[in-house]
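Raw contents of start.cif, mmCIF, C-alpha atoms:
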```
data_model
#
loop_
_atom_site.group_PDB
_atom_site.id
_atom_site.type_symbol
_atom_site.label_atom_id
_atom_site.label_comp_id
_atom_site.auth_asym_id
_atom_site.auth_seq_id
_atom_site.Cartn_x
_atom_site.Cartn_y
_atom_site.Cartn_z
ATOM 1 C CA MET F 1 0.000 0.000 0.000
ATOM 2 C CA THR F 2 1.459 3.348 -1.029
ATOM 3 C CA VAL F 3 0.495 7.002 -0.970
ATOM 4 C CA THR F 4 -2.182 7.504 -3.627
ATOM 5 C CA ASP F 5 -2.320 11.305 -3.605
ATOM 6 C CA THR F 6 -0.632 14.365 -2.136
ATOM 7 C CA LEU F 7 -2.712 17.438 -1.356
ATOM 8 C CA CYS F 8 -1.522 20.941 -0.504
ATOM 9 C CA TYR F 9 -3.523 23.072 1.902
ATOM 10 C CA GLY F 10 -1.209 26.093 1.844
ATOM 11 C CA LYS F 11 1.867 27.540 0.167
ATOM 12 C CA HIS F 12 4.443 26.359 2.698
ATOM 13 C CA PRO F 13 6.257 23.099 1.792
ATOM 14 C CA SER F 14 5.119 21.564 5.091
ATOM 15 C CA GLN F 15 1.440 22.229 4.419
ATOM 16 C CA VAL F 16 0.790 18.898 2.719
ATOM 17 C CA ILE F 17 -1.348 15.804 3.232
ATOM 18 C CA TYR F 18 -0.364 12.280 2.194
ATOM 19 C CA VAL F 19 -3.466 10.323 1.224
ATOM 20 C CA ARG F 20 -3.859 6.551 1.159
ATOM 21 C CA GLN F 21 -6.983 4.875 -0.146
ATOM 22 C CA PRO F 22 -8.016 1.283 0.535
ATOM 23 C CA ASP F 23 -7.819 -1.380 -2.144
ATOM 24 C CA ALA F 24 -10.088 -0.933 -5.134
ATOM 25 C CA ASP F 25 -12.301 -3.867 -4.105
ATOM 26 C CA ALA F 26 -13.151 -2.284 -0.729
ATOM 27 C CA ASP F 27 -16.580 -0.739 -0.312
ATOM 28 C CA ALA F 28 -16.902 3.050 -0.039
ATOM 29 C CA PRO F 29 -17.597 5.232 1.798
ATOM 30 C CA PHE F 30 -14.626 4.422 3.988
ATOM 31 C CA PRO F 31 -14.025 5.438 7.592
ATOM 32 C CA VAL F 32 -11.472 8.260 7.646
ATOM 33 C CA ALA F 33 -8.295 8.303 9.745
ATOM 34 C CA VAL F 34 -6.534 11.649 10.157
ATOM 35 C CA LEU F 35 -2.962 10.995 11.317
ATOM 36 C CA LEU F 36 -0.956 13.574 13.281
ATOM 37 C CA HIS F 37 2.649 12.690 14.014
ATOM 38 C CA GLY F 38 4.609 13.514 17.127
ATOM 39 C CA GLY F 39 8.123 14.813 17.683
ATOM 40 C CA TRP F 40 7.477 17.687 20.088
ATOM 41 C CA TRP F 41 6.375 19.951 17.206
ATOM 42 C CA ARG F 42 10.007 20.029 15.931
ATOM 43 C CA ASP F 43 10.963 20.039 12.249
ATOM 44 C CA ARG F 44 13.412 17.154 12.536
ATOM 45 C CA PHE F 45 10.412 14.826 12.800
ATOM 46 C CA ASP F 46 7.834 14.472 10.044
ATOM 47 C CA ALA F 47 4.808 12.569 8.787
ATOM 48 C CA ARG F 48 6.914 9.511 7.946
ATOM 49 C CA LEU F 49 6.654 8.569 11.630
ATOM 50 C CA MET F 50 3.025 7.592 10.993
ATOM 51 C CA GLU F 51 3.555 5.693 7.748
ATOM 52 C CA PRO F 52 3.514 2.212 9.340
ATOM 53 C CA ILE F 53 0.092 2.716 10.904
ATOM 54 C CA ALA F 54 -1.089 4.586 7.786
ATOM 55 C CA ALA F 55 -0.398 1.433 5.783
ATOM 56 C CA ASP F 56 -2.008 -0.742 8.450
ATOM 57 C CA LEU F 57 -5.202 1.324 8.451
ATOM 58 C CA ALA F 58 -5.420 1.520 4.659
ATOM 59 C CA ASP F 59 -5.042 -2.256 4.482
ATOM 60 C CA ALA F 60 -7.926 -2.494 6.954
ATOM 61 C CA GLY F 61 -10.226 -0.388 4.765
ATOM 62 C CA TRP F 62 -9.638 3.134 6.065
ATOM 63 C CA LEU F 63 -9.148 6.256 3.970
ATOM 64 C CA VAL F 64 -6.029 7.802 5.522
ATOM 65 C CA TRP F 65 -5.001 11.456 5.622
ATOM 66 C CA ASN F 66 -1.475 11.743 7.054
ATOM 67 C CA ILE F 67 -1.091 15.461 7.743
ATOM 68 C CA GLU F 68 2.192 17.337 7.719
ATOM 69 C CA TYR F 69 2.303 20.752 9.381
ATOM 70 C CA ARG F 70 4.714 23.583 10.084
ATOM 71 C CA ARG F 71 7.002 22.869 13.018
ATOM 72 C CA THR F 72 9.573 24.671 15.132
ATOM 73 C CA GLY F 73 13.228 24.894 14.154
ATOM 74 C CA GLY F 74 15.017 26.021 11.009
ATOM 75 C CA ASP F 75 12.822 27.803 8.493
ATOM 76 C CA ASP F 76 9.650 25.817 9.071
ATOM 77 C CA ASP F 77 7.677 28.777 10.540
ATOM 78 C CA GLY F 78 5.922 26.606 13.101
ATOM 79 C CA GLY F 79 5.018 27.232 16.717
ATOM 80 C CA TRP F 80 1.981 28.699 18.389
ATOM 81 C CA PRO F 81 -0.557 29.246 16.888
ATOM 82 C CA GLN F 82 0.670 28.449 13.354
ATOM 83 C CA THR F 83 1.061 24.711 13.908
ATOM 84 C CA LEU F 84 -2.454 24.283 15.289
ATOM 85 C CA ASP F 85 -3.808 26.582 12.576
ATOM 86 C CA ASP F 86 -2.314 24.236 9.973
ATOM 87 C CA VAL F 87 -4.122 21.230 11.429
ATOM 88 C CA ARG F 88 -7.398 23.136 11.561
ATOM 89 C CA THR F 89 -6.970 24.272 7.950
ATOM 90 C CA ALA F 90 -6.283 20.706 6.806
ATOM 91 C CA LEU F 91 -9.393 19.517 8.655
ATOM 92 C CA ASP F 92 -11.449 22.249 6.997
ATOM 93 C CA LEU F 93 -10.224 20.985 3.619
ATOM 94 C CA LEU F 94 -11.194 17.446 4.569
ATOM 95 C CA LYS F 95 -14.709 18.607 5.472
ATOM 96 C CA VAL F 96 -15.099 20.334 2.108
ATOM 97 C CA ARG F 97 -13.798 17.347 0.149
ATOM 98 C CA LEU F 98 -16.057 14.923 2.011
ATOM 99 C CA THR F 99 -19.057 17.190 1.469
ATOM 100 C CA GLU F 100 -18.335 17.584 -2.229
ATOM 101 C CA GLY F 101 -17.636 13.887 -2.738
ATOM 102 C CA ALA F 102 -14.009 14.481 -3.712
ATOM 103 C CA GLU F 103 -12.957 11.919 -1.095
ATOM 104 C CA PRO F 104 -14.682 8.508 -0.747
ATOM 105 C CA GLY F 105 -14.871 8.897 3.021
ATOM 106 C CA ASP F 106 -17.711 8.622 5.510
ATOM 107 C CA PRO F 107 -18.282 11.986 7.274
ATOM 108 C CA ALA F 108 -19.915 10.094 10.139
ATOM 109 C CA ARG F 109 -16.606 8.339 10.938
ATOM 110 C CA VAL F 110 -13.697 10.778 10.895
ATOM 111 C CA VAL F 111 -11.142 9.887 13.560
ATOM 112 C CA ALA F 112 -7.982 11.813 14.395
ATOM 113 C CA ILE F 113 -5.129 9.577 15.551
ATOM 114 C CA GLY F 114 -2.364 11.619 17.127
ATOM 115 C CA HIS F 115 0.880 10.458 18.691
ATOM 116 C CA SER F 116 2.598 12.528 21.396
ATOM 117 C CA ALA F 117 2.555 16.168 20.200
ATOM 118 C CA GLY F 118 0.223 15.005 17.420
ATOM 119 C CA GLY F 119 -2.193 13.876 20.116
ATOM 120 C CA HIS F 120 -2.022 17.381 21.548
ATOM 121 C CA LEU F 121 -2.884 18.861 18.147
ATOM 122 C CA GLY F 122 -5.755 16.457 17.574
ATOM 123 C CA LEU F 123 -7.343 17.222 20.937
ATOM 124 C CA MET F 124 -6.901 20.962 20.467
ATOM 125 C CA ALA F 125 -8.319 20.954 16.937
ATOM 126 C CA ALA F 126 -11.377 18.803 17.659
ATOM 127 C CA PRO F 127 -13.957 21.490 18.542
ATOM 128 C CA ASP F 128 -15.804 22.833 15.465
ATOM 129 C CA SER F 129 -14.053 20.318 13.194
ATOM 130 C CA PRO F 130 -15.308 17.350 11.135
ATOM 131 C CA LEU F 131 -13.765 14.955 13.669
ATOM 132 C CA THR F 132 -16.167 12.488 15.251
ATOM 133 C CA ALA F 133 -13.602 10.881 17.588
ATOM 134 C CA ILE F 134 -9.998 11.215 18.765
ATOM 135 C CA VAL F 135 -7.350 8.612 19.480
ATOM 136 C CA GLY F 136 -4.499 9.944 21.590
ATOM 137 C CA LEU F 137 -1.401 7.734 21.629
ATOM 138 C CA ALA F 138 0.770 8.888 24.545
ATOM 139 C CA PRO F 139 -0.544 12.428 23.961
ATOM 140 C CA VAL F 140 0.953 15.625 25.328
ATOM 141 C CA THR F 141 -1.964 17.092 27.266
ATOM 142 C CA ASP F 142 -0.422 19.479 29.804
ATOM 143 C CA LEU F 143 2.010 22.083 28.480
ATOM 144 C CA ARG F 144 2.529 23.600 31.918
ATOM 145 C CA ALA F 145 3.735 20.289 33.376
ATOM 146 C CA SER F 146 5.785 19.587 30.236
ATOM 147 C CA ARG F 147 7.433 23.009 30.397
ATOM 148 C CA GLU F 148 8.220 22.758 34.099
ATOM 149 C CA ALA F 149 9.784 19.319 33.592
ATOM 150 C CA GLY F 150 11.752 20.426 30.522
ATOM 151 C CA LEU F 151 10.245 17.631 28.453
ATOM 152 C CA GLY F 152 11.332 17.253 24.861
ATOM 153 C CA GLU F 153 14.556 19.113 25.604
ATOM 154 C CA GLY F 154 12.694 22.370 26.153
ATOM 155 C CA ALA F 155 10.172 21.769 23.379
ATOM 156 C CA VAL F 156 7.355 23.771 24.976
ATOM 157 C CA THR F 157 9.531 26.879 25.138
ATOM 158 C CA ALA F 158 10.343 26.486 21.437
ATOM 159 C CA PHE F 159 6.653 25.952 20.657
ATOM 160 C CA LEU F 160 5.067 28.721 22.768
ATOM 161 C CA GLY F 161 7.990 31.127 23.054
ATOM 162 C CA PRO F 162 10.299 31.946 25.965
ATOM 163 C CA ASP F 163 7.721 33.836 28.068
ATOM 164 C CA PRO F 164 4.226 32.655 27.072
ATOM 165 C CA GLY F 165 2.393 33.605 30.268
ATOM 166 C CA GLU F 166 0.145 31.349 32.328
ATOM 167 C CA SER F 167 -2.976 32.124 30.318
ATOM 168 C CA LEU F 168 -1.437 30.902 27.057
ATOM 169 C CA VAL F 169 0.073 27.831 28.709
ATOM 170 C CA GLU F 170 -3.395 26.830 29.937
ATOM 171 C CA ASN F 171 -5.200 27.772 26.717
ATOM 172 C CA SER F 172 -2.788 25.642 24.694
ATOM 173 C CA SER F 173 -3.195 22.581 26.952
ATOM 174 C CA PRO F 174 -5.962 20.033 26.294
ATOM 175 C CA ARG F 175 -6.185 19.268 30.005
ATOM 176 C CA TYR F 176 -7.512 22.771 30.638
ATOM 177 C CA ARG F 177 -9.752 22.932 27.555
ATOM 178 C CA VAL F 178 -12.125 20.082 28.336
ATOM 179 C CA PRO F 179 -14.726 19.143 27.382
ATOM 180 C CA ILE F 180 -13.789 18.841 23.718
ATOM 181 C CA GLY F 181 -17.117 17.264 22.842
ATOM 182 C CA VAL F 182 -16.161 14.097 20.952
ATOM 183 C CA PRO F 183 -15.491 10.525 22.157
ATOM 184 C CA GLN F 184 -11.853 9.724 22.844
ATOM 185 C CA ILE F 185 -9.546 6.749 23.176
ATOM 186 C CA ILE F 186 -6.354 7.441 25.113
ATOM 187 C CA VAL F 187 -3.570 4.837 25.104
ATOM 188 C CA HIS F 188 -0.432 5.295 27.200
ATOM 189 C CA GLY F 189 2.384 3.033 28.375
ATOM 190 C CA LYS F 190 3.650 3.049 31.952
ATOM 191 C CA ARG F 191 7.239 2.768 30.665
ATOM 192 C CA ASP F 192 6.976 5.994 28.643
ATOM 193 C CA ASP F 193 10.017 8.134 29.434
ATOM 194 C CA ARG F 194 9.159 10.919 26.957
ATOM 195 C CA VAL F 195 5.632 11.859 27.993
ATOM 196 C CA PRO F 196 4.916 10.655 31.540
ATOM 197 C CA VAL F 197 1.836 8.473 31.898
ATOM 198 C CA GLU F 198 0.672 10.792 34.663
ATOM 199 C CA GLN F 199 -0.289 13.328 31.996
ATOM 200 C CA SER F 200 -2.852 10.967 30.508
ATOM 201 C CA ARG F 201 -4.163 9.924 33.904
ATOM 202 C CA ALA F 202 -4.773 13.561 34.882
ATOM 203 C CA TYR F 203 -6.227 14.417 31.470
ATOM 204 C CA VAL F 204 -8.654 11.491 31.477
ATOM 205 C CA GLU F 205 -9.848 12.378 34.969
ATOM 206 C CA ALA F 206 -10.424 16.012 33.948
ATOM 207 C CA ALA F 207 -12.114 15.111 30.644
ATOM 208 C CA ARG F 208 -14.479 12.631 32.246
ATOM 209 C CA ALA F 209 -15.337 15.092 35.014
ATOM 210 C CA ALA F 210 -16.162 17.662 32.320
ATOM 211 C CA GLY F 211 -18.514 15.236 30.561
ATOM 212 C CA ASP F 212 -16.360 13.821 27.748
ATOM 213 C CA ARG F 213 -16.578 10.118 26.961
ATOM 214 C CA VAL F 214 -13.058 8.727 27.284
ATOM 215 C CA ASP F 215 -11.887 5.123 26.954
ATOM 216 C CA TYR F 216 -8.504 4.871 28.673
ATOM 217 C CA VAL F 217 -5.985 2.060 28.132
ATOM 218 C CA GLU F 218 -2.795 1.962 30.202
ATOM 219 C CA LEU F 219 -0.273 -0.703 29.263
ATOM 220 C CA PRO F 220 2.309 -1.776 31.860
ATOM 221 C CA ASP F 221 5.114 -2.742 29.452
ATOM 222 C CA ALA F 222 4.688 -0.124 26.706
ATOM 223 C CA ASP F 223 7.065 2.773 26.057
ATOM 224 C CA HIS F 224 6.559 5.968 24.061
ATOM 225 C CA PHE F 225 7.094 4.548 20.591
ATOM 226 C CA VAL F 226 5.477 1.108 20.529
ATOM 227 C CA VAL F 227 2.046 2.764 20.397
ATOM 228 C CA ILE F 228 2.742 3.517 16.716
ATOM 229 C CA ASP F 229 4.161 0.068 15.934
ATOM 230 C CA PRO F 230 1.515 -1.940 14.009
ATOM 231 C CA ALA F 231 2.976 -5.189 15.361
ATOM 232 C CA HIS F 232 2.680 -4.199 19.035
ATOM 233 C CA GLU F 233 -0.242 -4.783 21.384
ATOM 234 C CA ALA F 234 -0.224 -1.073 22.269
ATOM 235 C CA TRP F 235 -1.346 -0.141 18.745
ATOM 236 C CA TRP F 236 -3.808 -3.023 18.674
ATOM 237 C CA ALA F 237 -5.398 -1.727 21.852
ATOM 238 C CA ALA F 238 -6.417 1.286 19.766
ATOM 239 C CA ARG F 239 -7.101 -0.636 16.540
ATOM 240 C CA GLU F 240 -9.589 -3.039 18.059
ATOM 241 C CA ARG F 241 -11.588 -0.096 19.403
ATOM 242 C CA LEU F 242 -11.449 1.654 16.030
ATOM 243 C CA ASP F 243 -12.604 -1.471 14.230
ATOM 244 C CA ALA F 244 -15.514 -1.787 16.643
ATOM 245 C CA GLY F 245 -16.740 1.625 15.442
#
```
Show me this structure written as structure tokens.
Amino acid sequence: MTVTDTLCYGKHPSQVIYVRQPDADADAPFPVAVLLHGGWWRDRFDARLMEPIAADLADAGWLVWNIEYRRTGGDDDGGWPQTLDDVRTALDLLKVRLTEGAEPGDPARVVAIGHSAGGHLGLMAAPDSPLTAIVGLAPVTDLRASREAGLGEGAVTAFLGPDPGESLVENSSPRYRVPIGVPQIIVHGKRDDRVPVEQSRAYVEAARAAGDRVDYVELPDADHFVVIDPAHEAWWAARERLDAG
């Protein structure tokens, strides 16, 4: 299974979407998976991180949009709010293409699957979007805690700026923006040494208290990266829930 199309949603080289469609003998309309890669919003990481699960989902009958976005570092022009704006713009394009029939996807099943910082972007972009559900794989949900702990080698400072202020830190953190209004699946490994599992525990508690429906899976032997390995039980914990609809 290979990329079947590349779409641009802006003029910047990073404003692209890599599309995979299921095999020709699959029945449309297909459920839609919107993939958002991690890497602490930095430009040394890109959409190729999600290619293994993009192929897995396309093989399983999903229409896959693997979204690239502007990131921090070099000349990529990313950071707050540009990076989140990119994801929202790509989702707006998806809504238009589904409405017009340009994509053979089912608008009733549009799921964002975000890993790490991509999970952060998916949760932040969900309100007023075509998304009907979110899967967060070891998502970054609390930028205050991440900044204080220096996670991602100071990634939050690069993303928000050196002196963002408490209001911005909260407004850019999914934990403090609940409810987001769509069902969620959160998967996190206890052995994660990049994004502590405590972030997901606190987020799930806050989201449920705010009224969101959240299915939480915590895996004792999973680290930060196996959640995007199609051969690992951590990914299958999410896949089996996706396949169940």
### Message
Suppose a student applies the PyMOL selection byres ((chain F and resi 81) around 12) to this structure; what residues should they get, written as a PyMOL selection string?
### Response
chain F and resi 41+69-72+77-80+82-88+121+124-125+159-161+164+168-169+171-172
### Query
Pick the closest to Asp229 in chain F from F:Arg191, F:Arg147, F:Arg201, F:His115: which is it, counting all atoms listed in the file?
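Among F:Arg191, F:Arg147, F:Arg201, F:His115, it is F:His115 that comes nearest to Asp229 in chain F.
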## Note on the structure
CA of Gly39 in chain F sits from CA of Arg194 in chain F at a separation of 10.1 Å
### Message
If the PyMOL selection byres ((chain F and resi 6) around 6) were run on this exact file, what residues would it hold? Put them as number ranges by chain.
### Response
F: 5, 7, 17-19
### Query
Care to translate the PyMOL selection byres ((chain F and resi 183) around 6) into actual residues of this file, as JSON, numbers by chain?
{"F": [133, 182, 184, 213, 214]}
### Query
Using only C-alpha atoms, which residues sit within 10 Å of Ala47 in chain F once same-chain residues fewer than 3 positions away are excluded, as a VMD selection string?
chain F and resid 14 16 to 18 35 to 39 50 to 51 54 66 to 69
### Query
Looking at F:Ala210, F:Ile53, F:Ala155, F:Val64, which one is nearest to Trp40 in chain F, with distances taken over all atoms listed in the file?
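Going through F:Ala210, F:Ile53, F:Ala155, F:Val64 one by one, the smallest distance to Trp40 in chain F is for F:Ala155.
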### Task
Step by step: start from the point (-4.8, 16.7, 24.3) in the file's coordinates, keep every protein, DNA or RNA residue that has an atom no farther than 6 Å from it, count all atoms listed in the file, and write the set as a ChimeraX atom specification.
/F:119-120,123,140-141,174
### Task
Quick one: pull the distance between CA of Ala234 in chain F and CA of Gly118 in chain F, Å, one decimal.
16.8 Å
### Query
If you count only C-alpha atoms, which residues fall within 8 Å of range 217-225 of chain F, apart from same-chain ones fewer than 3 positions away, as a list in words?
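The neighbour list is Ala138, Ile185, Ile186, Val187, His188, Gly189, Lys190, Arg191, Asp192, Asp193, Arg194, Val195, Ile228, Asp229, Ala234 and Ala237 of chain F.
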### Query
At what distance in Å, to one decimal, does CA of Arg109 in chain F lie from CA of Gly245 in chain F?
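Separation between CA of Gly245 in chain F and CA of Arg109 in chain F: 8.1 Å.
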### Query
Using all atoms listed in the file, which residues sit within 12 Å of Asp27 in chain F once same-chain residues fewer than 2 positions away are excluded, as a PyMOL selection string?
chain F and resi 21-25+29-31+60-63+104-106
#### Entry: Residues within 7 Å of (-6.1, 19.8, 29.1), counting all atoms listed in the file, listed as a list in words
Thr141, Asp142, Ser173, Pro174, Arg175, Tyr176, Arg177, Val178 and Tyr203 of chain F
### Query
Given the choices F:Asp92, F:Pro13, F:Ser116, F:Leu57, which gets closest to Trp236 in chain F if the distance is worked out from all atoms listed in the file?
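Result for the nearest residue to Trp236 in chain F: F:Leu57.
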### Query
So which one's closest to Pro139 in chain F, F:Glu170, F:Asp56, F:Glu100, F:Glu198? Using only C-alpha atoms, please.
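Checking each candidate against Pro139 in chain F, we get F:Glu198 as the closest.
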### Query
Using all atoms listed in the file, which of F:Ala231, F:Thr89, F:Ile134, F:Arg42 sits nearest Thr157 in chain F?
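Closest residue, counting all atoms listed in the file: F:Arg42.
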#### Entry: Shortest interatomic distance to Ala33 in chain F - which of F:Cys8, F:Ala102, F:Ala90, F:Leu242, counting all atoms listed in the file
F:Leu242
Test item: axis-aligned box, all listed atoms of range 137-154 of chain F, 4 Å on each side, centre and edges in Å rounded to one decimal, as lines of an AutoDock Vina configuration file:
```
center_x = 6.3
center_y = 15.7
center_z = 27.9
size_x = 24.5
size_y = 23.9
size_z = 20.5
```
